[in-house]
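Next comes coords_22.txt, a file with compact mmCIF, C-alpha atoms.
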# COMPACT_ATOMS: atom_id res chain seq x y z
CA ASN E 1 4.53 -0.30 -42.02
CA ARG E 2 7.21 -1.11 -39.48
CA ILE E 3 4.86 -2.64 -36.92
CA GLU E 4 3.12 -4.88 -39.45
CA GLU E 5 6.50 -5.96 -40.80
CA SER E 6 7.72 -6.90 -37.33
CA ALA E 7 4.41 -8.70 -36.71
CA ARG E 8 4.99 -10.83 -39.82
CA VAL E 9 8.52 -11.63 -38.67
CA ALA E 10 7.23 -12.70 -35.25
CA ALA E 11 4.48 -14.82 -36.83
CA ASP E 12 6.96 -16.54 -39.14
CA ALA E 13 9.32 -17.20 -36.24
CA LEU E 14 6.49 -18.73 -34.19
CA GLU E 15 5.91 -21.36 -36.85
CA PHE E 16 9.38 -22.77 -36.26
CA ALA E 17 9.92 -22.00 -32.58
CA ASN E 18 10.05 -25.04 -30.32
CA ASP E 19 11.69 -23.51 -27.27
CA ALA E 20 9.12 -22.57 -24.61
CA GLY E 21 10.91 -19.38 -23.66
CA LEU E 22 11.14 -18.22 -27.26
CA VAL E 23 7.48 -19.01 -27.90
CA ALA E 24 6.45 -16.99 -24.85
CA ARG E 25 8.58 -14.01 -25.90
CA LEU E 26 7.27 -14.08 -29.47
CA ARG E 27 3.67 -14.20 -28.29
CA ALA E 28 4.38 -11.29 -25.95
CA ILE E 29 5.86 -9.32 -28.86
CA GLN E 30 2.80 -10.02 -30.99
CA SER E 31 0.54 -8.76 -28.21
CA ARG E 32 2.47 -5.50 -27.86
CA GLN E 33 2.39 -4.97 -31.61
CA ARG E 34 -1.37 -5.28 -31.75
CA ILE E 35 -1.84 -2.94 -28.79
CA ILE E 36 0.28 -0.26 -30.46
CA GLN E 37 -1.66 -0.72 -33.69
CA GLY E 38 -4.85 -0.30 -31.69
CA VAL E 39 -6.48 -3.32 -33.32
CA ASP E 40 -8.31 -6.27 -31.71
CA THR E 41 -6.64 -5.68 -28.35
CA ALA E 42 -9.39 -7.40 -26.38
CA GLN E 43 -9.24 -10.53 -28.53
CA ILE E 44 -5.46 -10.67 -28.48
CA ALA E 45 -5.46 -10.38 -24.68
CA SER E 46 -8.05 -13.12 -24.30
CA ASP E 47 -6.18 -15.44 -26.65
CA LEU E 48 -2.91 -14.81 -24.83
CA GLU E 49 -4.46 -15.47 -21.43
CA SER E 50 -6.07 -18.68 -22.69
CA TYR E 51 -2.78 -19.90 -24.10
CA ALA E 52 -0.97 -19.08 -20.86
CA ARG E 53 -3.45 -21.06 -18.78
CA VAL E 54 -3.37 -24.22 -20.90
CA SER E 55 0.33 -24.26 -21.80
CA ARG E 56 2.74 -26.50 -19.94
CA ASP E 57 5.77 -24.31 -20.48
CA GLY E 58 6.53 -23.63 -16.82
CA ARG E 59 5.54 -21.04 -14.26
CA GLU E 60 7.98 -18.39 -15.45
CA HIS E 61 6.63 -18.43 -19.00
CA GLU E 62 3.05 -18.59 -17.75
CA ALA E 63 3.70 -15.46 -15.68
CA MET E 64 5.24 -13.65 -18.65
CA LEU E 65 2.24 -14.41 -20.84
CA LEU E 66 -0.30 -13.54 -18.16
CA SER E 67 1.44 -10.21 -17.50
CA GLU E 68 1.25 -9.33 -21.21
CA ALA E 69 -2.39 -10.41 -21.29
CA ALA E 70 -3.03 -8.12 -18.32
CA VAL E 71 -1.69 -5.16 -20.31
CA GLY E 72 -3.94 -6.01 -23.24
CA HIS E 73 -6.98 -6.39 -21.01
CA VAL E 74 -6.42 -3.10 -19.22
CA VAL E 75 -5.91 -1.19 -22.49
CA ALA E 76 -9.10 -2.78 -23.84
CA GLY E 77 -11.00 -1.70 -20.73
CA SER E 78 -11.47 -5.25 -19.39
CA PHE E 79 -10.39 -4.35 -15.88
CA GLU E 80 -11.70 -7.47 -14.16
CA ALA E 81 -9.74 -9.68 -16.56
CA ALA E 82 -6.66 -7.48 -16.17
CA ALA E 83 -6.87 -7.70 -12.39
CA ARG E 84 -7.26 -11.47 -12.57
CA CYS E 85 -4.14 -11.87 -14.70
CA ALA E 86 -2.06 -9.43 -12.63
CA THR E 87 -3.10 -11.09 -9.36
CA ASP E 88 -2.20 -14.52 -10.71
CA VAL E 89 1.24 -13.28 -11.81
CA LEU E 90 1.93 -11.89 -8.34
CA SER E 91 0.73 -15.15 -6.78
CA LEU E 92 3.04 -17.13 -9.05
CA GLY E 93 5.86 -14.86 -7.94
CA GLU E 94 5.30 -15.88 -4.34
CA ASN E 95 5.64 -19.59 -5.04
CA ALA E 96 7.92 -19.96 -8.05
CA SER E 97 10.83 -18.44 -9.88
CA VAL E 98 9.12 -15.73 -11.92
CA GLY E 99 10.95 -13.13 -14.01
CA ALA E 100 11.25 -9.63 -12.61
CA SER E 101 9.78 -8.17 -15.80
CA ALA E 102 6.50 -10.07 -15.36
CA LEU E 103 6.23 -8.93 -11.75
CA ALA E 104 6.96 -5.31 -12.73
CA ILE E 105 4.25 -5.39 -15.39
CA ALA E 106 1.77 -6.94 -12.97
CA ARG E 107 2.42 -4.18 -10.44
CA ALA E 108 2.05 -1.54 -13.16
CA VAL E 109 -1.29 -2.99 -14.27
CA GLU E 110 -2.37 -3.16 -10.63
CA ALA E 111 -1.52 0.55 -10.40
CA TRP E 112 -3.61 1.44 -13.44
CA ILE E 113 -6.62 -0.50 -12.15
CA SER E 114 -6.45 1.27 -8.79
CA SER E 115 -6.13 4.61 -10.55
CA PHE E 116 -9.11 3.92 -12.80
CA ALA E 117 -11.11 3.17 -9.66
CA GLY E 118 -10.10 6.54 -8.19
CA ASN E 119 -7.93 4.97 -5.47
CA PHE E 120 -4.88 7.12 -6.11
CA ALA E 121 -2.90 6.44 -2.94
CA ALA E 122 -2.86 2.69 -3.66
CA ALA E 123 -2.22 3.36 -7.35
CA CYS E 124 0.87 5.44 -6.67
CA GLU E 125 2.21 2.87 -4.22
CA SER E 126 1.86 0.11 -6.85
CA ALA E 127 3.40 2.33 -9.53
CA ARG E 128 6.46 3.02 -7.40
CA SER E 129 6.75 -0.68 -6.60
CA ALA E 130 6.62 -1.50 -10.32
CA CYS E 131 9.38 1.00 -11.10
CA HIS E 132 11.49 -0.34 -8.23
CA ALA E 133 11.14 -3.88 -9.63
CA LEU E 134 12.82 -2.70 -12.85
CA LYS E 135 16.17 -2.67 -11.06
CA ALA E 136 16.25 -6.44 -11.52
CA VAL E 137 15.33 -6.25 -15.23
CA ASP E 138 17.84 -6.05 -18.09
CA GLU E 139 18.24 -2.43 -19.21
CA ASN E 140 17.53 -3.43 -22.82
CA ASP E 141 14.23 -5.12 -22.01
CA PRO E 142 11.33 -3.11 -23.52
CA ILE E 143 9.67 -3.33 -20.12
CA GLN E 144 12.03 -0.51 -19.11
CA ALA E 145 9.88 1.77 -21.28
CA ILE E 146 6.46 0.18 -20.70
CA VAL E 147 6.42 0.21 -16.90
CA PRO E 148 7.54 3.86 -16.40
CA TYR E 149 4.93 4.92 -18.97
CA PHE E 150 2.21 3.14 -16.97
CA ALA E 151 3.57 4.69 -13.78
CA GLY E 152 3.71 8.14 -15.35
CA MET E 153 0.04 8.01 -16.30
CA VAL E 154 -0.85 6.97 -12.76
CA PHE E 155 1.11 9.90 -11.34
CA VAL E 156 -0.71 12.24 -13.74
CA ASP E 157 -4.04 10.97 -12.40
CA ALA E 158 -2.80 11.69 -8.87
CA ASP E 159 -1.71 15.24 -9.84
CA ALA E 160 1.90 14.24 -9.02
CA PHE E 161 3.17 15.96 -12.14
CA ASP E 162 6.85 16.17 -11.19
CA GLU E 163 6.93 12.44 -10.50
CA ALA E 164 5.06 11.82 -13.74
CA GLU E 165 7.62 13.78 -15.74
CA ARG E 166 10.46 11.81 -14.16
CA ALA E 167 8.74 8.56 -15.08
CA PHE E 168 8.14 9.70 -18.67
CA THR E 169 11.77 10.82 -18.96
CA ALA E 170 12.93 7.36 -17.90
CA ALA E 171 10.43 5.76 -20.27
CA ARG E 172 11.61 7.90 -23.17
CA ALA E 173 15.26 7.05 -22.56
CA ALA E 174 14.42 3.36 -22.57
CA GLY E 175 12.15 3.76 -25.57
CA GLU E 176 14.87 5.43 -27.61
CA ARG E 177 17.25 2.68 -26.59
CA THR E 178 15.14 -0.41 -27.03
CA ALA E 179 11.37 0.20 -27.43
CA ALA E 180 10.61 2.74 -30.16
CA PHE E 181 7.03 1.43 -30.34
CA MET E 182 6.34 3.12 -26.98
CA LEU E 183 7.53 6.60 -28.03
CA PRO E 184 4.16 7.85 -29.38
CA LEU E 185 2.44 7.09 -26.08
CA ILE E 186 5.31 8.50 -24.02
CA HIS E 187 5.29 11.80 -25.93
CA ILE E 188 1.51 12.05 -25.59
CA GLY E 189 1.70 11.28 -21.87
CA THR E 190 4.26 14.06 -21.43
CA GLY E 191 2.03 16.34 -23.49
CA LEU E 192 -0.85 15.55 -21.13
CA VAL E 193 1.20 16.79 -18.17
CA HIS E 194 1.89 20.08 -19.93
CA TYR E 195 -1.75 20.39 -21.02
CA LEU E 196 -2.99 20.02 -17.44
CA ARG E 197 -0.33 22.42 -16.18
CA GLY E 198 -1.40 24.98 -18.76
CA THR E 199 2.03 25.08 -20.43
CA TRP E 200 0.50 24.72 -23.85
CA ASP E 201 3.49 25.44 -26.08
CA GLN E 202 5.33 22.52 -24.49
CA ALA E 203 2.16 20.43 -24.67
CA VAL E 204 1.76 21.06 -28.38
CA ALA E 205 5.43 20.21 -29.04
CA GLU E 206 5.15 16.89 -27.20
CA LEU E 207 1.79 15.96 -28.68
CA GLU E 208 2.93 16.71 -32.22
CA ALA E 209 6.10 14.67 -31.59
CA GLY E 210 3.87 11.80 -30.47
CA LEU E 211 1.76 12.04 -33.62
CA MET E 212 4.87 12.09 -35.80
CA ALA E 213 6.27 9.03 -34.02
CA ALA E 214 2.93 7.24 -34.45
CA GLU E 215 2.86 8.12 -38.16
CA ASP E 216 6.40 6.80 -38.56
CA LEU E 217 5.34 3.51 -36.97
CA CYS E 218 1.90 3.43 -38.65
CA ALA E 219 0.45 3.05 -35.15
CA ASN E 220 -3.05 4.05 -34.03
CA GLY E 221 -2.56 3.66 -30.28
CA GLY E 222 -2.88 7.09 -28.63
CA LEU E 223 -3.73 8.99 -31.84
CA VAL E 224 -7.29 9.85 -30.80
CA PHE E 225 -6.07 10.99 -27.38
CA GLY E 226 -3.28 13.13 -28.84
CA ARG E 227 -5.55 14.75 -31.44
CA SER E 228 -8.17 15.42 -28.78
CA LEU E 229 -5.75 17.22 -26.48
CA LEU E 230 -4.49 19.35 -29.37
CA ALA E 231 -8.09 20.20 -30.30
CA LEU E 232 -8.87 21.22 -26.70
CA ILE E 233 -5.85 23.52 -26.64
CA GLU E 234 -6.78 25.15 -29.95
CA ILE E 235 -10.39 25.65 -28.84
CA ASP E 236 -9.23 27.43 -25.69
CA ARG E 237 -6.86 29.52 -27.81
CA GLY E 238 -9.71 30.47 -30.10
CA ASN E 239 -8.25 28.61 -33.10
CA VAL E 240 -11.46 26.81 -34.01
CA ASP E 241 -10.40 25.95 -37.57
CA ARG E 242 -7.20 24.32 -36.36
CA ALA E 243 -9.15 22.44 -33.68
CA SER E 244 -11.52 21.16 -36.39
CA GLU E 245 -8.57 19.75 -38.32
CA HIS E 246 -7.48 17.76 -35.28
CA LEU E 247 -11.01 16.47 -34.66
CA GLU E 248 -11.41 15.47 -38.30
CA ALA E 249 -8.11 13.56 -38.16
CA GLY E 250 -9.24 11.91 -34.92
CA SER E 251 -12.56 10.96 -36.53
CA VAL E 252 -10.70 9.01 -39.20
CA VAL E 253 -9.14 6.82 -36.49
CA VAL E 254 -12.44 6.50 -34.63
CA ASP E 255 -14.24 5.45 -37.81
CA SER E 256 -11.53 2.91 -38.65
CA GLY E 257 -12.61 0.74 -35.74
CA ALA E 258 -9.29 1.05 -33.91
CA ASP E 259 -9.21 0.73 -30.13
CA LEU E 260 -10.28 4.06 -28.72
CA LEU E 261 -7.86 5.14 -26.04
CA GLY E 262 -8.87 8.75 -25.33
CA LEU E 263 -12.40 8.61 -26.76
CA ASN E 264 -13.67 10.43 -23.66
CA PHE E 265 -11.39 13.41 -24.39
CA PHE E 266 -12.39 13.25 -28.07
CA LEU E 267 -16.04 13.64 -27.04
CA LEU E 268 -15.10 16.42 -24.62
CA ALA E 269 -13.37 18.31 -27.45
CA LYS E 270 -16.36 17.80 -29.75
CA SER E 271 -18.66 19.12 -27.03
CA ARG E 272 -16.56 22.24 -26.57
CA MET E 273 -16.38 22.69 -30.32
CA ALA E 274 -20.16 22.64 -30.49
CA GLY E 275 -20.25 25.19 -27.69
CA ALA E 276 -17.76 27.38 -29.53
CA HIS E 277 -20.16 27.37 -32.49
CA GLY E 278 -23.08 28.33 -30.23
CA ASP E 279 -24.80 24.94 -30.42
CA ALA E 280 -25.66 24.46 -26.74
CA ALA E 281 -27.95 21.47 -27.32
CA THR E 282 -25.27 19.45 -29.12
CA ALA E 283 -22.64 20.49 -26.57
CA ARG E 284 -24.90 19.24 -23.78
CA THR E 285 -25.62 15.93 -25.48
CA ILE E 286 -21.97 15.17 -26.25
CA ALA E 287 -20.75 16.24 -22.79
CA ALA E 288 -23.28 13.87 -21.25
CA SER E 289 -22.09 11.09 -23.57
CA ALA E 290 -18.47 11.65 -22.53
CA TRP E 291 -19.41 11.49 -18.86
CA ASP E 292 -21.62 8.42 -19.29
CA LEU E 293 -18.86 6.63 -21.22
CA ASP E 294 -16.35 7.15 -18.41
CA VAL E 295 -18.83 6.01 -15.77
CA ALA E 296 -19.78 2.94 -17.81
CA LEU E 297 -16.12 2.01 -18.34
CA GLY E 298 -15.24 2.65 -14.70
CA LEU E 299 -12.74 5.42 -15.50
CA ALA E 300 -13.01 7.42 -12.29
CA ASN E 301 -9.55 8.85 -12.91
CA ASP E 302 -10.79 11.06 -15.76
CA LEU E 303 -14.04 12.29 -14.23
CA ARG E 304 -12.46 15.52 -12.98
CA SER E 305 -11.63 16.49 -16.56
CA LEU E 306 -15.24 15.97 -17.64
CA ALA E 307 -17.15 17.16 -14.57
CA HIS E 308 -17.21 20.89 -15.30
CA ASP E 309 -18.59 20.43 -18.80
CA ALA E 310 -21.04 17.76 -17.63
CA VAL E 311 -22.45 20.25 -15.09
CA VAL E 312 -22.45 23.56 -16.98
CA THR E 313 -24.14 22.08 -20.07
CA LEU E 314 -27.09 20.73 -18.06
CA ASP E 315 -30.59 22.14 -18.34
CA VAL E 316 -31.76 24.28 -15.43
CA ASP E 317 -33.64 21.28 -14.01
CA GLY E 318 -30.61 19.00 -14.02
CA SER E 319 -30.25 18.62 -10.25
CA GLU E 320 -30.94 14.87 -10.35
CA ARG E 321 -28.19 14.46 -12.92
CA ILE E 322 -25.83 16.45 -10.71
CA ASP E 323 -26.55 14.03 -7.86
CA THR E 324 -25.24 11.16 -9.99
CA ILE E 325 -22.20 13.24 -10.98
CA VAL E 326 -21.34 14.00 -7.35
CA THR E 327 -21.78 10.34 -6.37
CA ALA E 328 -19.34 9.29 -9.08
CA LEU E 329 -16.83 11.99 -8.14
CA GLU E 330 -16.88 10.92 -4.50
CA ALA E 331 -15.96 7.31 -5.30
CA GLY E 332 -12.43 6.38 -4.27
CA ASP E 333 -10.13 8.71 -2.36
CA ALA E 334 -9.57 11.46 -4.92
CA HIS E 335 -11.96 14.04 -3.47
CA GLU E 336 -10.24 13.69 -0.08
CA LEU E 337 -6.64 13.72 -1.35
CA LEU E 338 -6.62 16.04 -4.35
CA ALA E 339 -7.62 19.68 -4.59
CA SER E 340 -8.66 19.19 -8.22
CA ALA E 341 -11.18 16.49 -7.27
CA GLY E 342 -12.46 18.51 -4.33
CA ALA E 343 -13.00 21.44 -6.68
CA SER E 344 -15.11 19.29 -9.01
CA VAL E 345 -17.32 18.13 -6.14
CA ALA E 346 -17.71 21.63 -4.68
CA PHE E 347 -18.56 23.07 -8.09
CA ALA E 348 -21.23 20.46 -8.84
CA LEU E 349 -22.80 20.90 -5.41
CA GLY E 350 -22.60 24.68 -5.70
CA VAL E 351 -24.45 24.65 -9.01
CA ARG E 352 -27.10 22.29 -7.67
CA GLU E 353 -27.64 24.30 -4.48
CA ARG E 354 -26.97 27.68 -6.12
CA ASP E 355 -24.56 28.18 -3.24
CA VAL E 356 -22.06 30.99 -3.76
CA GLU E 357 -19.83 29.78 -0.93
CA LEU E 358 -19.51 26.32 -2.48
CA LEU E 359 -18.73 27.87 -5.86
CA GLN E 360 -16.06 30.01 -4.21
CA ARG E 361 -14.72 26.88 -2.51
CA ALA E 362 -14.41 25.27 -5.93
CA CYS E 363 -12.45 28.28 -7.19
CA ASP E 364 -10.14 28.21 -4.17
CA LEU E 365 -9.44 24.48 -4.49
CA ALA E 366 -8.82 24.82 -8.22
CA GLN E 367 -6.25 27.52 -7.49
CA GLU E 368 -4.48 25.15 -5.07
CA SER E 369 -4.34 22.36 -7.64
CA PRO E 370 -1.38 21.90 -10.00
CA ARG E 371 -4.00 21.40 -12.74
CA THR E 372 -3.79 24.99 -13.92
CA ILE E 373 -6.05 24.09 -16.83
CA ASP E 374 -8.97 23.82 -14.38
CA SER E 375 -8.53 27.06 -12.46
CA HIS E 376 -10.07 29.43 -15.03
CA ARG E 377 -13.08 27.17 -15.59
CA TYR E 378 -14.35 27.57 -12.06
CA ARG E 379 -14.23 31.36 -12.00

Go ahead and express the file in the form of structure tokens.
Amino acid sequence: NRIEESARVAADALEFANDAGLVARLRAIQSRQRIIQGVDTAQIASDLESYARVSRDGREHEAMLLSEAAVGHVVAGSFEAAARCATDVLSLGENASVGASALAIARAVEAWISSFAGNFAAACESARSACHALKAVDENDPIQAIVPYFAGMVFVDADAFDEAERAFTAARAAGERTAAFMLPLIHIGTGLVHYLRGTWDQAVAELEAGLMAAEDLCANGGLVFGRSLLALIEIDRGNVDRASEHLEAGSVVVDSGADLLGLNFFLLAKSRMAGAHGDAATARTIAASAWDLDVALGLANDLRSLAHDAVVTLDVDGSERIDTIVTALEAGDAHELLASAGASVAFALGVRERDVELLQRACDLAQESPRTIDSHRYR
């Protein structure tokens, strides 16, 4: 296991390290390793933040550690803690000599938090700022792969697919050069773009490449997400047996207790699988669970992907539930900026009101959206 081996090397080195800069870098490396393994991310982030705040190693090293803690917090879903760390890094940057890499990470985390809240204009601005900050970072710093990956996912949320692909291309080049541990996530992110665009052959190629890279590294991070997207594609293609294989493989990771990046899409795929087998009651229950999970975690960025299933699987008397769905969809600026989000709102309202014009509006907006995957669902 390459990641576990490198973790042992870092741990051994920490025992003998007495240089503050080296200690900070080794702790940052350990944090990244645990995130990629998908294990104890929340605890690692908390420990790293605590160490950063009590250490007396200087502002630059404090900023480095807080930026890495911010990444761990955001991956673990602790958005308040992530925002606190990122804000403190940016504040340190205003008053002290702080490394460009820490500032770039802080901006990237800031972008993710804005995106999760459904504030896509602010998210994209922060993502571009983070990528711009990389010009002052050594080209062999792993941050050159991490930050564009974060930015790429933000651009996906904002339906800026061309910009997302450019970010993932830059991330992949850096990953192949100096940060192989990021390659599984980068492949899966690229696969997500192709999935949403409806270019499924390319999506499958990227997603399978991501799974192979993860297997090579013995990494869990992103596996559930990648398997879920592959299952969704196979369900839509009518390959239910193949979709079941992906869901079974994803279940192994879920049951292992690993951090569950992509659990919402895993539940979405399980709901559609139940529907494909004619089990409407189970499909409805799981679709509701997927929606409730995203709302509870504050993941407004993914609600568009879940909204159609959350609405169509409702009982005939589900108008009160639709009200809560519409309220969640209208948070942030997505429904005003993006055709895909507007389509979700129009569809939910159209179903509630049994309004043909609203349903047609949903179809029209879905056709305008680059999310080709959505267009056939609103017909």

Could you tell me how far CA of Cys131 (chain E) sits from CA of Gln30 (chain E), in Å to one decimal place? 23.7 Å

Any idea what's packed within 10 Å of Val98 (chain E), counting only C-alpha atoms, ignoring anything in its chain fewer than 6 positions away? Could you give it as a list in words? Gly58, Arg59, Glu60, His61, Glu62, Ala63, Met64, Val89, Leu90, Ser91 and Leu92 of chain E

Find the residues near Leu229 (chain E): any atom within 8 Å, counting all atoms listed in the file, skip ones fewer than 2 places away on the same chain, and give them as a ChimeraX atom specification. /E:192,195,207,225-227,231-233,265-266,269

Pick from E:Val147, E:Ile322, E:Leu66, E:Ile373, whichever lies nearest to Ala203 (chain E) using all atoms listed in the file: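 For Ala203 (chain E), the nearest of the given residues is E:Ile373.
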
Pick from E:Phe150, E:Ala283, E:Ala122, E:Ala136 nearest to Val75 (chain E), counting only C-alpha atoms: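 Using only C-alpha atoms, the shortest distance to Val75 (chain E) belongs to E:Phe150.
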
Contacts of Ser126 (chain E) at 9 Å (only C-alpha atoms; same-chain gap of 2+ positions) as JSON, numbers by chain: {"E": [107, 108, 109, 110, 111, 112, 114, 121, 122, 123, 124, 128, 129, 130, 131, 151]}

Would you work out the distance separating CA of Ala45 (chain E) from CA of Glu68 (chain E), expressed in Å to one decimal? 7.6 Å

Could you check how far CA of Ala287 (chain E) sits from CA of Ser375 (chain E), in Å to one decimal?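 A separation of 19.3 Å between them.
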
Report, as AutoDock Vina command-line options, the centre and edge lengths in Å (one decimal) of the axis-aligned box enclosing every listed atom of region 114-129 of chain E, padded by 6 Å on each side.
--center_x -2.2 --center_y 3.2 --center_z -7.9 --size_x 29.9 --size_y 19.8 --size_z 21.9

Distance query Gly262 (chain E) at most 9 Å, all atoms listed in the file, self and fewer than 5 positions along chain excluded, as a count of residues only: 7

Determine, counting all atoms listed in the file, every residue of protein, DNA or RNA that lies within 12 Å of (6.4, 16.5, -10.1) in the file coordinates, then give the result as a count of residues only. 21

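Minimum atom-to-atom distances from E:Ala346, E:Ala69, E:Leu185, E:Leu230 to Trp200 (chain E) were compared using only C-alpha atoms, and the lowest value belongs to E:Leu230.
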
Ala331 (chain E): which residues within 10 Å, counting all atoms listed in the file, same-chain residues fewer than 4 positions away excluded, as number ranges by chain? E: 117-119, 300, 326-327, 335

Nearest-residue call for Gly350 (chain E), choices E:Lys270, E:His308, E:Arg32, E:His132, using only C-alpha atoms: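 Between E:Lys270, E:His308, E:Arg32, E:His132, the residue approaching Gly350 (chain E) most closely is E:His308.
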